[in-house]
file start.cif (mmCIF, C-alpha atoms)
data_upload
loop_
_atom_site.label_atom_id
_atom_site.label_comp_id
_atom_site.auth_asym_id
_atom_site.auth_seq_id
_atom_site.Cartn_x
_atom_site.Cartn_y
_atom_site.Cartn_z
CA MET A 49 0.00 0.00 0.00
CA THR A 50 2.07 2.89 -1.24
CA GLN A 51 -0.63 5.09 -2.60
CA GLU A 52 0.26 8.72 -2.11
CA ASN A 53 -2.46 10.79 -0.65
CA PRO A 54 -1.09 14.23 -0.07
CA ILE A 55 -2.97 16.46 2.28
CA ALA A 56 -2.02 19.62 0.50
CA GLN A 57 -0.61 20.15 -2.93
CA THR A 58 1.59 23.01 -3.96
CA GLU A 59 2.51 23.87 -7.47
CA LYS A 60 6.26 24.09 -7.44
CA THR A 61 6.50 25.75 -10.82
CA ALA A 62 4.47 28.71 -9.67
CA VAL A 63 7.14 29.61 -7.14
CA GLU A 64 9.89 29.89 -9.70
CA LYS A 65 7.85 31.86 -12.22
CA PRO A 66 6.09 34.80 -10.66
CA ALA A 67 3.22 35.85 -12.87
CA LYS A 68 3.98 39.52 -12.68
CA LEU A 69 7.17 41.49 -12.82
CA THR A 70 8.29 43.44 -9.80
CA VAL A 71 7.03 46.98 -10.17
CA LEU A 72 9.60 49.73 -9.77
CA ILE A 73 9.08 53.47 -9.83
CA PRO A 74 11.35 55.14 -12.36
CA SER A 75 12.95 58.44 -11.44
CA VAL A 76 11.62 61.26 -13.55
CA ASP A 77 12.28 64.91 -14.28
CA ILE A 78 9.43 67.10 -15.45
CA TYR A 79 10.08 70.34 -17.31
CA GLU A 80 7.84 72.90 -18.90
CA ASN A 81 8.26 75.78 -21.30
CA ASN A 82 5.84 77.83 -23.37
CA ASP A 83 5.49 75.15 -26.02
CA GLU A 84 5.50 71.83 -24.23
CA TYR A 85 5.92 69.66 -21.18
CA LEU A 86 8.97 67.45 -21.22
CA VAL A 87 9.34 64.29 -19.13
CA TYR A 88 12.65 62.47 -18.68
CA ALA A 89 12.52 58.99 -17.15
CA ASP A 90 15.38 56.64 -16.29
CA LEU A 91 14.64 53.23 -17.78
CA PRO A 92 17.96 51.34 -17.72
CA GLY A 93 17.99 48.21 -19.86
CA VAL A 94 14.53 48.75 -21.32
CA LYS A 95 14.25 48.18 -25.05
CA LYS A 96 12.24 50.48 -27.28
CA GLU A 97 9.65 47.81 -28.09
CA ASP A 98 8.99 47.14 -24.40
CA VAL A 99 7.91 50.69 -23.61
CA SER A 100 4.26 51.64 -23.71
CA ILE A 101 2.83 55.09 -23.16
CA ASP A 102 -0.92 55.49 -22.84
CA LEU A 103 -2.76 58.74 -22.56
CA ASP A 104 -6.30 58.21 -21.44
CA ASN A 105 -8.73 60.46 -19.66
CA GLY A 106 -6.07 62.88 -18.51
CA GLN A 107 -3.83 60.10 -17.19
CA LEU A 108 -0.52 59.31 -18.72
CA THR A 109 0.62 55.76 -17.97
CA LEU A 110 4.23 55.02 -18.65
CA ILE A 111 5.26 51.36 -18.60
CA GLY A 112 8.66 49.94 -19.47
CA ASN A 113 9.45 46.26 -19.07
CA ARG A 114 13.05 45.35 -18.48
CA TYR A 115 14.03 41.75 -19.05
CA VAL A 116 17.33 40.52 -17.66
CA GLU A 117 18.29 37.34 -19.44
CA ALA A 118 19.28 34.49 -17.19
CA VAL A 119 23.00 33.81 -17.26
CA LYS A 120 24.28 30.77 -15.44
CA GLY A 121 26.67 31.15 -12.55
CA GLN A 122 25.20 34.21 -10.94
CA LEU A 123 27.45 35.49 -8.15
CA MET A 124 25.80 38.77 -7.31
CA ALA A 125 22.49 40.31 -8.32
CA GLU A 126 21.35 43.80 -7.43
CA PHE A 127 18.67 44.04 -10.11
CA SER A 128 16.46 41.68 -12.06
CA SER A 129 13.66 41.76 -14.57
CA ALA A 130 11.21 44.44 -13.60
CA GLN A 131 8.43 46.65 -14.75
CA TYR A 132 9.00 50.37 -14.51
CA ARG A 133 5.60 51.97 -14.12
CA ARG A 134 4.41 55.43 -13.34
CA VAL A 135 1.13 57.28 -13.80
CA PHE A 136 0.90 61.04 -14.21
CA SER A 137 -2.03 63.39 -14.32
CA VAL A 138 -1.73 65.49 -17.43
CA PRO A 139 -3.25 68.97 -17.54
CA GLN A 140 -5.77 69.79 -20.21
CA GLY A 141 -4.64 71.32 -23.43
CA ILE A 142 -2.11 68.75 -24.59
CA ASP A 143 -2.00 68.30 -28.33
CA LEU A 144 -2.34 64.52 -28.43
CA ALA A 145 -1.51 64.23 -32.09
CA ARG A 146 1.95 65.70 -31.60
CA VAL A 147 3.02 63.75 -28.50
CA ASP A 148 6.46 62.35 -29.20
CA ALA A 149 8.84 60.06 -27.32
CA GLU A 150 12.43 58.97 -27.81
CA LEU A 151 14.56 56.48 -25.91
CA THR A 152 18.29 57.06 -25.82
CA ASP A 153 20.84 55.42 -23.53
CA GLY A 154 18.08 54.10 -21.28
CA VAL A 155 16.48 57.50 -20.77
CA LEU A 156 13.00 58.17 -22.13
CA LYS A 157 12.31 61.70 -23.31
CA LEU A 158 8.62 62.38 -23.68
CA HIS A 159 7.47 65.58 -25.36
CA LEU A 160 3.92 66.69 -24.61
CA PRO A 161 3.24 69.76 -26.77
CA LYS A 162 0.65 72.23 -25.59
CA SER A 163 -2.20 72.94 -27.95
CA GLU A 164 -2.39 76.40 -29.44
CA ALA A 165 -5.35 77.39 -27.26
CA VAL A 166 -3.39 77.24 -24.00
CA LYS A 167 -0.13 78.78 -25.15
CA PRO A 168 0.57 82.19 -23.69
CA ARG A 169 -0.26 84.88 -26.18
CA LYS A 170 0.48 88.52 -26.32
CA ILE A 171 -2.47 90.68 -27.22
CA GLU A 172 -1.82 93.63 -29.40
CA ILE A 173 -3.67 96.82 -28.60
CA ARG A 174 -5.11 98.50 -31.64
CA GLU A 175 -5.32 102.20 -32.07
CA GLY A 176 -8.89 103.21 -31.29
CA MET B 18 28.17 58.08 13.32
CA ARG B 19 26.77 57.08 10.03
CA THR B 20 23.32 58.27 9.20
CA ARG B 21 22.26 57.18 5.81
CA PHE B 22 19.15 56.90 3.79
CA HIS B 23 19.39 53.15 3.81
CA ASP B 24 18.91 53.05 7.58
CA LEU B 25 15.31 53.86 6.74
CA GLN B 26 15.28 51.23 4.05
CA GLN B 27 16.64 48.67 6.47
CA MET B 28 13.67 49.38 8.69
CA LEU B 29 11.32 48.70 5.80
CA SER B 30 13.23 45.68 4.58
CA SER B 31 11.54 43.37 7.07
CA MET B 32 8.25 44.24 5.39
CA ASP B 33 9.79 43.30 2.07
CA ALA B 34 10.99 40.02 3.53
CA LEU B 35 7.49 39.26 4.83
CA ARG B 36 5.99 40.01 1.46
CA ASP B 37 8.55 37.80 -0.26
CA THR B 38 7.54 34.98 2.08
CA PHE B 39 3.89 35.42 1.15
CA ASN B 40 4.85 35.45 -2.51
CA LEU B 41 6.71 32.17 -2.07
CA LEU B 42 3.86 30.53 -0.18
CA SER B 43 1.15 31.45 -2.60
CA GLY B 44 3.11 31.48 -5.84
CA GLU B 45 1.63 34.84 -6.65
CA THR B 46 3.16 38.25 -6.56
CA TYR B 47 1.81 40.67 -4.03
CA ASP B 48 3.99 43.51 -5.20
CA ARG B 49 1.08 45.75 -5.90
CA LEU B 50 2.82 48.43 -3.89
CA PRO B 51 5.89 49.41 -5.81
CA ARG B 52 9.11 48.88 -4.00
CA PHE B 53 11.13 51.65 -2.54
CA GLU B 54 14.13 50.84 -4.67
CA GLY B 55 13.10 52.09 -8.09
CA GLY B 56 15.51 54.97 -8.32
CA TRP B 57 18.93 55.12 -9.70
CA GLY B 58 21.56 53.00 -8.02
CA THR B 59 21.85 51.42 -4.64
CA PRO B 60 21.11 53.39 -1.45
CA ASP B 61 24.78 54.29 -1.34
CA GLY B 62 24.54 55.97 -4.73
CA TRP B 63 26.35 53.32 -6.71
CA PRO B 64 25.02 51.86 -9.90
CA LYS B 65 23.41 48.46 -9.49
CA MET B 66 25.36 45.57 -10.87
CA ASN B 67 24.97 41.87 -11.53
CA LEU B 68 27.95 39.56 -11.65
CA TYR B 69 28.07 36.18 -13.37
CA ASP B 70 30.73 33.50 -13.62
CA THR B 71 30.33 31.70 -16.93
CA GLY B 72 33.35 29.42 -16.54
CA GLU B 73 35.90 31.01 -18.86
CA GLN B 74 35.04 34.57 -17.93
CA LEU B 75 33.27 36.86 -15.53
CA GLU B 76 30.40 38.91 -16.90
CA MET B 77 28.85 42.00 -15.42
CA ARG B 78 25.74 44.01 -16.17
CA ILE B 79 25.58 47.50 -14.73
CA GLU B 80 22.65 49.91 -14.83
CA LEU B 81 23.81 53.26 -16.16
CA PRO B 82 20.88 55.16 -17.66
CA GLY B 83 21.76 58.33 -19.50
CA PHE B 84 25.47 57.60 -19.55
CA ALA B 85 27.23 57.75 -22.87
CA ARG B 86 30.29 55.69 -23.70
CA GLU B 87 32.67 58.55 -22.96
CA ASP B 88 31.12 59.23 -19.53
CA ILE B 89 32.36 55.95 -18.06
CA GLN B 90 35.84 54.89 -17.01
CA ILE B 91 36.65 51.29 -16.18
CA LYS B 92 39.88 50.14 -14.55
CA VAL B 93 40.82 46.51 -14.11
CA GLN B 94 43.93 45.15 -12.48
CA GLY B 95 44.24 41.57 -11.30
CA ASN B 96 41.11 41.06 -9.24
CA TYR B 97 40.46 44.75 -8.64
CA LEU B 98 37.75 46.51 -10.59
CA GLU B 99 36.91 50.19 -10.49
CA ILE B 100 34.13 51.85 -12.44
CA SER B 101 33.60 55.57 -12.33
CA GLY B 102 31.53 57.99 -14.30
CA SER B 103 29.47 61.10 -14.28
CA ARG B 104 26.28 61.88 -16.09
CA LYS B 105 26.03 65.10 -18.03
CA ALA B 106 23.66 67.75 -16.77
CA ALA B 107 20.37 66.28 -17.86
CA GLY B 108 18.08 69.28 -17.94
CA PRO B 109 17.30 71.06 -21.18
CA GLU B 110 17.85 74.79 -21.55
CA GLY B 111 15.05 77.29 -21.10
CA TYR B 112 12.63 75.08 -19.26
CA THR B 113 10.98 75.53 -15.87
CA VAL B 114 11.64 72.58 -13.56
CA HIS B 115 8.55 70.98 -12.03
CA ARG B 116 10.16 67.90 -10.65
CA ARG B 117 13.70 66.65 -10.47
CA GLU B 118 14.30 63.16 -9.18
CA ARG B 119 17.02 62.10 -11.55
CA GLU B 120 20.34 63.05 -10.14
CA ASN B 121 23.45 63.87 -12.04
CA PRO B 122 25.56 61.46 -10.15
CA THR B 123 29.28 61.23 -10.14
CA PHE B 124 30.17 57.86 -8.81
CA THR B 125 33.10 55.57 -8.23
CA ARG B 126 32.46 51.98 -7.37
CA SER B 127 35.28 49.58 -6.77
CA MET B 128 35.22 45.95 -5.85
CA THR B 129 37.40 42.93 -5.44
CA LEU B 130 36.47 40.30 -7.96
CA PRO B 131 36.37 36.72 -6.71
CA ILE B 132 38.82 35.65 -9.42
CA GLU B 133 41.78 37.27 -11.12
CA VAL B 134 41.03 38.44 -14.63
CA ASP B 135 43.11 39.20 -17.69
CA SER B 136 42.74 42.96 -17.97
CA GLY B 137 44.19 42.99 -21.49
CA LEU B 138 41.28 40.94 -22.86
CA ALA B 139 38.51 42.74 -20.98
CA SER B 140 35.83 44.34 -23.11
CA ALA B 141 32.80 46.50 -22.44
CA SER B 142 29.78 47.72 -24.33
CA ILE B 143 26.81 49.88 -23.44
CA LYS B 144 23.31 49.65 -24.83
CA ASN B 145 20.02 51.11 -23.60
CA GLY B 146 21.73 52.38 -20.46
CA MET B 147 22.99 48.92 -19.54
CA LEU B 148 26.74 48.36 -19.47
CA SER B 149 27.97 44.85 -20.26
CA LEU B 150 31.42 44.00 -19.11
CA VAL B 151 33.24 40.81 -20.11
CA LEU B 152 36.31 39.94 -18.06
CA PRO B 153 38.11 36.79 -19.22
CA LYS B 154 39.71 34.97 -16.32
CA SER B 155 43.48 34.95 -16.19
CA VAL B 156 45.00 31.71 -17.39
CA ALA B 157 45.92 30.62 -13.87
CA ALA B 158 42.34 31.06 -12.68
CA ARG B 159 40.65 29.19 -15.52
CA PRO B 160 39.35 25.69 -14.86
CA GLN B 161 41.78 23.10 -16.20
CA GLN B 162 40.87 19.66 -17.35
CA ILE B 163 43.30 17.11 -15.98
CA THR B 164 43.77 13.96 -17.96
CA ILE B 165 44.40 10.76 -16.04
CA ARG B 166 47.24 8.78 -17.48
#

call {"tool": "encode", "arguments": {"input": "start.cif", "output": "structure tokens"}}
result
Amino acid sequence: MTQENPIAQTEKTAVEKPAKLTVLIPSVDIYENNDEYLVYADLPGVKKEDVSIDLDNGQLTLIGNRYVEAVKGQLMAEFSSAQYRRVFSVPQGIDLARVDAELTDGVLKLHLPKSEAVKPRKIEIREG
Amino acid sequence: MRTRFHDLQQMLSSMDALRDTFNLLSGETYDRLPRFEGGWGTPDGWPKMNLYDTGEQLEMRIELPGFAREDIQIKVQGNYLEISGSRKAAGPEGYTVHRRERENPTFTRSMTLPIEVDSGLASASIKNGMLSLVLPKSVAARPQQITIR
């Protein structure tokens, strides 16, 4: 009689493969001038195709997945695969059609141009 | 007396450990709260690095976002490694600053490698803000196959 009748079962595979990546908050700089808002975000090791930027309902969601390939013989690990995620509230008057992003050296530069209606304007006084 | 930011992090680290235990038990990730460690570098202000031993060589990956090739200096001698660098002033001209979390760090991180490496054959490359460093082991430190006569 060697029938196994375990009281509790655990799925071993689930332990090694967490379903979701660890979420990290990227450091950002936010700048503004008359024409646009400019966001810089540190995303080390994130490839261009793994970045997603969604603008919805006044919320800008920035997600960058960083995958660290497994190399055998790991002696020291201070970082691993992770998801950089951050949500911003964007003021009204952003020209959505002209939003532009570039990723260089692991830094994302996101340009959010202001629409013409909200740009500061000087009003000329006519001779009456 | 040393008062550092990571004293605070040490206090919170037991919470992290507890959460990791729950993650292990359930097989799910409870990291809905982002961790405290998202910023650049370790609490000491050094870039984060991973070190691997692939048999013939040591390999390193180092997070260096916003660093160009010429911003980084790497020195290797025997089993001593020193990496230093400084990031250029990041801010654009003529903009008002709303938020500034990214530092312009100047750092030097040195370490003793577990194995002597051949500094002449070392090579490095940087892509997407991630520095890859390949350090072939010195001949004396490489594993040798011994044939039995």

call {"tool": "interface_residues", "arguments": {"input": "start.cif", "of": "chain A", "to": "chain B", "cutoff": "7 Å", "atoms": "only C-alpha atoms", "output": "VMD selection string"}}
result
chain A and resid 62 to 63 66 to 68 70 to 81 90 to 95 119 to 127 152 to 155

call {"tool": "atom_distance", "arguments": {"input": "start.cif", "atom1": "atom CA of B:Ile100", "atom2": "atom CA of B:Met128"}}
result
8.9 Å

call {"tool": "atom_distance", "arguments": {"input": "start.cif", "atom1": "atom CA of B:Ile91", "atom2": "atom CA of A:Lys96"}}
result
26.8 Å

call {"tool": "residues_around", "arguments": {"input": "start.cif", "residues": "stretch 150-165 of chain B", "least_positions_apart": "2", "cutoff": "6 Å", "atoms": "all atoms listed in the file", "output": "MDAnalysis selection string"}}
result
chainID B and resid 74:77 133:135 139:141

call {"tool": "resolve_selection", "arguments": {"input": "start.cif", "expression": "the PyMOL selection byres ((chain A and resi 146) around 10)", "output": "list in words"}}
result
Ile142, Asp143, Leu144, Ala145, Val147, Asp148, Ala149, His159, Leu160, Pro161, Lys162 and Ser163 of chain A

call {"tool": "closest_residue", "arguments": {"input": "start.cif", "among": "A:Glu164, A:Asp98, A:Asp104, A:Glu150", "to": "A:Asn82", "atoms": "all atoms listed in the file"}}
result
A:Glu164

call {"tool": "atom_distance", "arguments": {"input": "start.cif", "atom1": "atom CA of A:Ser137", "atom2": "atom CA of A:Lys167"}}
result
18.9 Å

call {"tool": "resolve_selection", "arguments": {"input": "start.cif", "expression": "the PyMOL selection byres ((chain B and resi 125) around 7)", "output": "number ranges by chain"}}
result
B: 99-102, 124, 126-127

call {"tool": "resolve_selection", "arguments": {"input": "start.cif", "expression": "the PyMOL selection byres ((chain A and resi 139) around 10)", "output": "JSON, numbers by chain"}}
result
{"A": [85, 106, 107, 136, 137, 138, 140, 141, 142, 162]}
